[in-house]
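Novice: The structure under discussion is supplied below as structure tokens; questions concerning it will follow.
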Amino acid sequence: MTSILVICTGNICRSPIAEGLLRDALQHRFAGGAPDVSSAGTSGLEGSGAMPESVLAAAELGVDIDGHVARRLTAGMADGSDLLLCMAREHREMLAAGSDRDDRTFTLKELVRLLETLPPPAPDTAMTERIALANLARRRGAVPASRDDDISDPLGQPMEAYRAIAWELESWIERLVNGLFGAVAEVDAAEGS
């Protein structure tokens, strides 16, 4: 089974929300056949729960992350994942530097932009194939580098910042799932033919 690891700094704000939203979207799409989704932090506050504001912001979008337990990112976690989905460029740069992980390490926004340059996937296209195509598009410069690749860290901000981040993540994750697996209308049409 394929796996996605969502990465931020402390694993208490952005990545728990993204993990919950992505897991929910994939389970709605694939039920028991959904890729495994987990999260960790480059400076993960090991054993901490998600920030209460993150829990509330996710709940307002219909996703329960109340049971989240933060983890510190390890090399084994990164090496065992098919996709390393980073919340900011600093996380991507740290993971990709001096490793063989570069071809499967992206910021969320970077990966979505790259996937959207590709033709829609065929119904039986593997997630890992789409990631490889996105990496090839990145190497060819299909999408110019952007200063807008980061999802802002809401830590220490008011509740409205957490809501804004959750809404932003929801939109980007919907685009990610469509880019990796095809839009729902495309999937339904392919299954009906």
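Every chain in the structure tokens takes a letter, A first, then B, and so on in the order presented; its residues are numbered from 1, and the ligands are numbered from 1 following the presented order.
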Find the residues near Thr105 (chain A): any atom within 12 Å, counting only C-alpha atoms, skip ones fewer than 4 places away on the same chain, and give them as a compact mmCIF listing (two decimals) with all heavy atoms, in the first residue's frame.
Specialist:
```
# COMPACT_ATOMS: atom_id res chain seq x y z
N ILE A 4 1.66 8.34 2.44
CA ILE A 4 1.94 9.76 2.35
C ILE A 4 2.28 10.25 3.75
O ILE A 4 1.55 9.97 4.71
CB ILE A 4 0.72 10.54 1.82
CG1 ILE A 4 0.32 10.03 0.43
CG2 ILE A 4 1.00 12.05 1.81
CD1 ILE A 4 -1.01 10.55 -0.07
N LEU A 5 3.39 10.96 3.88
CA LEU A 5 3.79 11.54 5.15
C LEU A 5 3.73 13.05 5.02
O LEU A 5 4.40 13.64 4.17
CB LEU A 5 5.21 11.10 5.52
CG LEU A 5 5.75 11.58 6.87
CD1 LEU A 5 4.91 11.05 8.03
CD2 LEU A 5 7.21 11.15 7.02
N VAL A 6 2.89 13.68 5.85
CA VAL A 6 2.71 15.13 5.85
C VAL A 6 3.64 15.70 6.92
O VAL A 6 3.66 15.22 8.05
CB VAL A 6 1.25 15.51 6.14
CG1 VAL A 6 1.07 17.02 6.08
CG2 VAL A 6 0.29 14.81 5.18
N ILE A 7 4.40 16.73 6.54
CA ILE A 7 5.46 17.23 7.42
C ILE A 7 5.34 18.72 7.64
O ILE A 7 5.18 19.50 6.69
CB ILE A 7 6.84 16.90 6.81
CG1 ILE A 7 6.99 15.39 6.66
CG2 ILE A 7 7.97 17.48 7.64
CD1 ILE A 7 7.84 14.97 5.53
N ALA A 78 10.68 8.91 6.84
CA ALA A 78 10.83 9.54 5.53
C ALA A 78 11.17 8.51 4.46
O ALA A 78 10.58 8.50 3.37
CB ALA A 78 11.91 10.62 5.58
N ASP A 79 12.10 7.61 4.77
CA ASP A 79 12.52 6.61 3.79
C ASP A 79 11.41 5.62 3.47
O ASP A 79 11.37 5.08 2.36
CB ASP A 79 13.76 5.86 4.29
CG ASP A 79 14.99 6.76 4.34
OD1 ASP A 79 15.00 7.80 3.67
OD2 ASP A 79 15.93 6.41 5.08
N SER A 81 8.19 6.28 3.16
CA SER A 81 7.00 6.92 2.58
C SER A 81 7.16 7.13 1.08
O SER A 81 8.25 7.45 0.60
CB SER A 81 6.76 8.27 3.26
OG SER A 81 6.52 8.07 4.64
N ASP A 82 6.07 6.96 0.36
CA ASP A 82 6.08 7.15 -1.09
C ASP A 82 6.02 8.61 -1.48
O ASP A 82 6.47 8.99 -2.55
CB ASP A 82 4.89 6.41 -1.72
CG ASP A 82 4.98 4.92 -1.51
OD1 ASP A 82 5.96 4.33 -1.99
OD2 ASP A 82 4.08 4.35 -0.86
N LEU A 83 5.42 9.44 -0.61
CA LEU A 83 5.31 10.87 -0.86
C LEU A 83 5.56 11.61 0.44
O LEU A 83 4.94 11.30 1.47
CB LEU A 83 3.91 11.21 -1.40
CG LEU A 83 3.58 12.70 -1.53
CD1 LEU A 83 4.55 13.41 -2.47
CD2 LEU A 83 2.13 12.88 -2.00
N LEU A 84 6.49 12.56 0.39
CA LEU A 84 6.78 13.43 1.53
C LEU A 84 6.17 14.79 1.18
O LEU A 84 6.66 15.48 0.28
CB LEU A 84 8.28 13.52 1.77
CG LEU A 84 8.93 12.17 2.06
CD1 LEU A 84 10.44 12.25 1.96
CD2 LEU A 84 8.51 11.66 3.42
N LEU A 85 5.10 15.13 1.85
CA LEU A 85 4.30 16.31 1.54
C LEU A 85 4.54 17.37 2.61
O LEU A 85 4.04 17.27 3.73
CB LEU A 85 2.82 15.91 1.49
CG LEU A 85 1.84 16.86 0.87
CD1 LEU A 85 2.20 17.13 -0.59
CD2 LEU A 85 0.44 16.30 0.98
N CYS A 86 5.32 18.37 2.25
CA CYS A 86 5.79 19.37 3.22
C CYS A 86 4.89 20.60 3.22
O CYS A 86 4.38 21.02 2.19
CB CYS A 86 7.21 19.77 2.89
SG CYS A 86 8.36 18.38 2.90
N MET A 87 4.77 21.19 4.41
CA MET A 87 3.97 22.40 4.56
C MET A 87 4.75 23.64 4.16
O MET A 87 4.15 24.68 3.87
CB MET A 87 3.46 22.54 6.00
CG MET A 87 2.49 21.45 6.42
SD MET A 87 0.89 21.52 5.56
CE MET A 87 1.12 20.27 4.28
N ALA A 88 6.07 23.57 4.13
CA ALA A 88 6.87 24.75 3.77
C ALA A 88 8.15 24.32 3.07
O ALA A 88 8.62 23.20 3.22
CB ALA A 88 7.19 25.57 5.02
N ARG A 89 8.73 25.27 2.35
CA ARG A 89 9.97 25.01 1.61
C ARG A 89 11.10 24.58 2.53
O ARG A 89 11.92 23.74 2.17
CB ARG A 89 10.40 26.25 0.82
CG ARG A 89 9.53 26.51 -0.41
CD ARG A 89 9.86 27.82 -1.02
NE ARG A 89 9.55 28.83 0.00
CZ ARG A 89 9.68 30.14 -0.15
NH1 ARG A 89 10.14 30.61 -1.27
NH2 ARG A 89 9.36 30.97 0.80
N GLU A 90 11.16 25.15 3.74
CA GLU A 90 12.23 24.79 4.67
C GLU A 90 12.19 23.29 4.99
O GLU A 90 13.23 22.66 5.13
CB GLU A 90 12.17 25.62 5.95
CG GLU A 90 10.94 25.30 6.80
CD GLU A 90 10.84 26.15 8.06
OE1 GLU A 90 11.59 25.88 9.01
OE2 GLU A 90 10.00 27.06 8.07
N HIS A 91 11.01 22.72 5.10
CA HIS A 91 10.88 21.28 5.38
C HIS A 91 11.34 20.47 4.17
O HIS A 91 12.03 19.47 4.31
CB HIS A 91 9.43 20.93 5.73
CG HIS A 91 8.86 21.79 6.81
ND1 HIS A 91 7.67 22.47 6.66
CD2 HIS A 91 9.32 22.08 8.05
CE1 HIS A 91 7.43 23.15 7.76
NE2 HIS A 91 8.41 22.93 8.62
N ARG A 92 10.92 20.92 2.98
CA ARG A 92 11.31 20.22 1.76
C ARG A 92 12.82 20.24 1.58
O ARG A 92 13.43 19.23 1.27
CB ARG A 92 10.63 20.87 0.54
CG ARG A 92 10.96 20.13 -0.75
CD ARG A 92 10.66 20.95 -1.95
NE ARG A 92 11.26 20.64 -3.19
CZ ARG A 92 12.36 20.00 -3.48
NH1 ARG A 92 13.10 19.48 -2.57
NH2 ARG A 92 12.79 19.83 -4.69
N GLU A 93 13.42 21.40 1.80
CA GLU A 93 14.86 21.52 1.62
C GLU A 93 15.62 20.65 2.63
O GLU A 93 16.61 20.01 2.28
CB GLU A 93 15.28 22.99 1.76
CG GLU A 93 14.82 23.81 0.56
CD GLU A 93 14.84 25.32 0.80
OE1 GLU A 93 15.31 25.77 1.88
OE2 GLU A 93 14.36 26.04 -0.09
N MET A 94 15.14 20.60 3.86
CA MET A 94 15.79 19.77 4.88
C MET A 94 15.72 18.28 4.51
O MET A 94 16.70 17.56 4.63
CB MET A 94 15.13 19.98 6.25
CG MET A 94 15.88 19.29 7.37
SD MET A 94 14.82 19.02 8.78
CE MET A 94 14.16 17.43 8.38
N LEU A 95 14.57 17.84 4.03
CA LEU A 95 14.39 16.42 3.70
C LEU A 95 15.13 16.00 2.44
O LEU A 95 15.62 14.89 2.36
CB LEU A 95 12.90 16.11 3.52
CG LEU A 95 12.15 15.91 4.81
CD1 LEU A 95 10.67 15.97 4.57
CD2 LEU A 95 12.54 14.59 5.43
N ALA A 96 15.17 16.88 1.47
CA ALA A 96 15.76 16.53 0.19
C ALA A 96 17.27 16.65 0.18
O ALA A 96 17.94 15.96 -0.60
CB ALA A 96 15.16 17.40 -0.91
N ALA A 97 17.83 17.50 1.04
CA ALA A 97 19.27 17.76 1.02
C ALA A 97 20.07 16.49 1.29
O ALA A 97 19.87 15.81 2.29
CB ALA A 97 19.62 18.82 2.06
N SER A 99 20.05 13.53 0.09
CA SER A 99 19.36 12.24 0.22
C SER A 99 18.81 11.81 -1.13
O SER A 99 18.83 12.57 -2.10
CB SER A 99 18.20 12.35 1.22
OG SER A 99 17.10 13.02 0.62
N ASP A 100 18.29 10.61 -1.16
CA ASP A 100 17.64 10.12 -2.38
C ASP A 100 16.13 10.35 -2.31
O ASP A 100 15.38 9.76 -3.05
CB ASP A 100 17.95 8.63 -2.58
CG ASP A 100 17.41 7.76 -1.46
OD1 ASP A 100 16.96 8.30 -0.43
OD2 ASP A 100 17.43 6.53 -1.62
N ARG A 101 15.70 11.24 -1.40
CA ARG A 101 14.27 11.52 -1.23
C ARG A 101 13.77 12.65 -2.11
O ARG A 101 12.57 12.91 -2.15
CB ARG A 101 13.99 11.89 0.23
CG ARG A 101 14.32 10.83 1.22
CD ARG A 101 13.96 11.32 2.63
NE ARG A 101 14.73 10.57 3.59
CZ ARG A 101 15.64 11.09 4.39
NH1 ARG A 101 15.89 12.39 4.39
NH2 ARG A 101 16.31 10.33 5.22
N LYS A 109 1.76 22.88 -2.14
CA LYS A 109 1.42 23.77 -3.25
C LYS A 109 2.26 23.47 -4.50
O LYS A 109 1.74 23.50 -5.62
CB LYS A 109 1.60 25.23 -2.83
CG LYS A 109 0.59 25.69 -1.80
CD LYS A 109 0.85 27.14 -1.43
CE LYS A 109 -0.14 27.67 -0.43
NZ LYS A 109 0.11 29.11 -0.15
N GLU A 110 3.53 23.20 -4.30
CA GLU A 110 4.41 22.86 -5.43
C GLU A 110 3.89 21.63 -6.17
O GLU A 110 3.79 21.62 -7.40
CB GLU A 110 5.82 22.61 -4.91
CG GLU A 110 6.79 22.08 -5.94
CD GLU A 110 8.09 21.58 -5.33
OE1 GLU A 110 8.09 21.06 -4.18
OE2 GLU A 110 9.11 21.68 -6.03
N LEU A 111 3.56 20.58 -5.43
CA LEU A 111 3.09 19.35 -6.06
C LEU A 111 1.78 19.57 -6.81
O LEU A 111 1.62 19.10 -7.93
CB LEU A 111 2.94 18.24 -5.02
CG LEU A 111 2.47 16.89 -5.56
CD1 LEU A 111 3.37 16.37 -6.67
CD2 LEU A 111 2.37 15.86 -4.43
N THR A 128 2.31 6.63 -7.27
CA THR A 128 3.76 6.77 -7.42
C THR A 128 4.14 7.18 -8.84
O THR A 128 5.12 7.90 -9.03
CB THR A 128 4.49 5.48 -7.02
OG1 THR A 128 3.92 4.37 -7.73
CG2 THR A 128 4.38 5.23 -5.52
N ILE A 131 3.54 10.91 -9.03
CA ILE A 131 4.60 11.62 -8.31
C ILE A 131 5.85 11.68 -9.18
O ILE A 131 6.51 12.72 -9.26
CB ILE A 131 4.88 10.94 -6.95
CG1 ILE A 131 3.66 11.10 -6.04
CG2 ILE A 131 6.13 11.51 -6.29
CD1 ILE A 131 3.67 10.17 -4.84
N ALA A 132 6.19 10.58 -9.84
CA ALA A 132 7.36 10.56 -10.72
C ALA A 132 7.19 11.54 -11.88
O ALA A 132 8.14 12.23 -12.25
CB ALA A 132 7.60 9.14 -11.24
N ALA A 134 5.35 14.26 -11.83
CA ALA A 134 5.45 15.60 -11.25
C ALA A 134 6.92 15.97 -11.02
O ALA A 134 7.34 17.10 -11.28
CB ALA A 134 4.66 15.68 -9.95
N ASN A 135 7.70 15.00 -10.56
CA ASN A 135 9.13 15.26 -10.35
C ASN A 135 9.82 15.56 -11.67
O ASN A 135 10.66 16.46 -11.75
CB ASN A 135 9.78 14.06 -9.65
CG ASN A 135 11.24 14.31 -9.37
OD1 ASN A 135 11.60 15.32 -8.80
ND2 ASN A 135 12.08 13.39 -9.80
N ARG A 138 8.99 18.99 -12.64
CA ARG A 138 9.77 19.93 -11.81
C ARG A 138 11.17 20.09 -12.38
O ARG A 138 11.67 21.20 -12.50
CB ARG A 138 9.81 19.44 -10.37
CG ARG A 138 10.73 20.27 -9.48
CD ARG A 138 10.64 19.92 -8.01
NE ARG A 138 10.89 18.53 -7.73
CZ ARG A 138 10.69 17.99 -6.53
NH1 ARG A 138 10.24 18.72 -5.53
NH2 ARG A 138 10.95 16.72 -6.33
```
Novice: List as a ChimeraX atom specification the protein and nucleic acid residues near region 125-127 of chain A, meaning an atom at most 8 Å away when only C-alpha atoms are counted, but skip any in the same chain fewer than 6 places from it.
Specialist: /A:2,180-181
Novice: Give me the residues near region 151-156 of chain A as a ChimeraX atom specification, where near means some atom within 8 Å (using only C-alpha atoms) and where sequence neighbours in that chain fewer than 2 positions away do not count.
Specialist: /A:13-14,87-88,149,158,161-162,165,169
Novice: Okay, now the selection with N, CA, C and O atoms, as a PDB file, in the first residue's frame?
Specialist:
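Listing of result18.pdb after writing:
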```pdb
ATOM      1  N   CYS A  13       0.098  21.796  14.514  1.00  0.00           N
ATOM      2  CA  CYS A  13      -0.813  22.775  13.896  1.00  0.00           C
ATOM      3  C   CYS A  13      -1.182  22.383  12.467  1.00  0.00           C
ATOM      4  O   CYS A  13      -2.250  21.836  12.228  1.00  0.00           O
ATOM      5  N   ARG A  14      -0.272  22.661  11.533  1.00  0.00           N
ATOM      6  CA  ARG A  14      -0.582  22.475  10.106  1.00  0.00           C
ATOM      7  C   ARG A  14      -0.696  21.014   9.701  1.00  0.00           C
ATOM      8  O   ARG A  14      -1.680  20.604   9.076  1.00  0.00           O
ATOM      9  N   MET A  87       4.769  21.188   4.406  1.00  0.00           N
ATOM     10  CA  MET A  87       3.970  22.396   4.558  1.00  0.00           C
ATOM     11  C   MET A  87       4.749  23.643   4.155  1.00  0.00           C
ATOM     12  O   MET A  87       4.150  24.678   3.872  1.00  0.00           O
ATOM     13  N   ALA A  88       6.073  23.572   4.129  1.00  0.00           N
ATOM     14  CA  ALA A  88       6.871  24.752   3.769  1.00  0.00           C
ATOM     15  C   ALA A  88       8.155  24.325   3.068  1.00  0.00           C
ATOM     16  O   ALA A  88       8.620  23.198   3.217  1.00  0.00           O
ATOM     17  N   ASP A 149       4.943  28.990  -1.827  1.00  0.00           N
ATOM     18  CA  ASP A 149       4.848  27.543  -1.646  1.00  0.00           C
ATOM     19  C   ASP A 149       4.558  27.128  -0.208  1.00  0.00           C
ATOM     20  O   ASP A 149       4.310  25.950   0.056  1.00  0.00           O
ATOM     21  N   PRO A 158      -4.397  34.036  16.545  1.00  0.00           N
ATOM     22  CA  PRO A 158      -5.776  33.841  16.995  1.00  0.00           C
ATOM     23  C   PRO A 158      -6.477  32.728  16.210  1.00  0.00           C
ATOM     24  O   PRO A 158      -5.992  32.289  15.163  1.00  0.00           O
ATOM     25  N   ALA A 161      -6.776  32.628  12.374  1.00  0.00           N
ATOM     26  CA  ALA A 161      -5.627  32.190  11.571  1.00  0.00           C
ATOM     27  C   ALA A 161      -5.679  30.679  11.355  1.00  0.00           C
ATOM     28  O   ALA A 161      -5.381  30.194  10.263  1.00  0.00           O
ATOM     29  N   TYR A 162      -6.062  29.941  12.375  1.00  0.00           N
ATOM     30  CA  TYR A 162      -6.187  28.477  12.240  1.00  0.00           C
ATOM     31  C   TYR A 162      -7.291  28.139  11.246  1.00  0.00           C
ATOM     32  O   TYR A 162      -7.132  27.225  10.427  1.00  0.00           O
ATOM     33  N   ILE A 165      -6.020  28.785   7.747  1.00  0.00           N
ATOM     34  CA  ILE A 165      -5.091  27.728   7.321  1.00  0.00           C
ATOM     35  C   ILE A 165      -5.861  26.456   6.972  1.00  0.00           C
ATOM     36  O   ILE A 165      -5.574  25.797   5.971  1.00  0.00           O
ATOM     37  N   LEU A 169      -5.816  24.715   3.417  1.00  0.00           N
ATOM     38  CA  LEU A 169      -5.423  23.303   3.267  1.00  0.00           C
ATOM     39  C   LEU A 169      -6.518  22.491   2.585  1.00  0.00           C
ATOM     40  O   LEU A 169      -6.229  21.664   1.717  1.00  0.00           O
TER      41      LEU A 169
END
```
Novice: Which residues, written as an MDAnalysis selection string, have at least one atom at most 6 Å from His68 (chain A), with only C-alpha atoms counted and residues fewer than 2 positions away on the same chain left out?
Specialist: chainID A and resid 49:50 65:66
Novice: Restricted to N, CA and C atoms, what would the selected residues look like written as a PDB file, in the first residue's frame?
Specialist:
```
ATOM      1  N   GLY A  49      -0.547  16.634  21.859  1.00  0.00           N
ATOM      2  CA  GLY A  49      -1.730  16.624  21.018  1.00  0.00           C
ATOM      3  C   GLY A  49      -1.670  17.775  20.035  1.00  0.00           C
ATOM      4  N   ALA A  50      -2.595  17.783  19.095  1.00  0.00           N
ATOM      5  CA  ALA A  50      -2.710  18.932  18.198  1.00  0.00           C
ATOM      6  C   ALA A  50      -3.181  20.126  19.013  1.00  0.00           C
ATOM      7  N   ILE A  65      -9.534  15.410  14.509  1.00  0.00           N
ATOM      8  CA  ILE A  65      -8.108  15.161  14.763  1.00  0.00           C
ATOM      9  C   ILE A  65      -7.818  15.231  16.267  1.00  0.00           C
ATOM     10  N   ASP A  66      -8.859  15.091  17.065  1.00  0.00           N
ATOM     11  CA  ASP A  66      -8.709  15.205  18.516  1.00  0.00           C
ATOM     12  C   ASP A  66      -7.733  14.180  19.093  1.00  0.00           C
TER      13      ASP A  66
END
```
Novice: Taking only region 33-162 of chain A into account, list the residues labelled strand (DSSP E) by DSSP (computed from the backbone), as a list of chain:residue names.
Specialist: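 Residues of region 33-162 of chain A classed as strand (DSSP E): A:Asp36, A:Val37, A:Ser38, A:Ser39, A:Ala40, A:Gly41, A:Leu83, A:Leu84, A:Leu85, A:Cys86, A:Thr105, A:Phe106, A:Thr107.
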Novice: Excluding same-chain residues fewer than 6 positions from Ile173 (chain A), what lies within 9 Å of it counting only C-alpha atoms, as JSON, numbers by chain?
Specialist: {"A": [18, 21, 22, 25, 108, 112]}
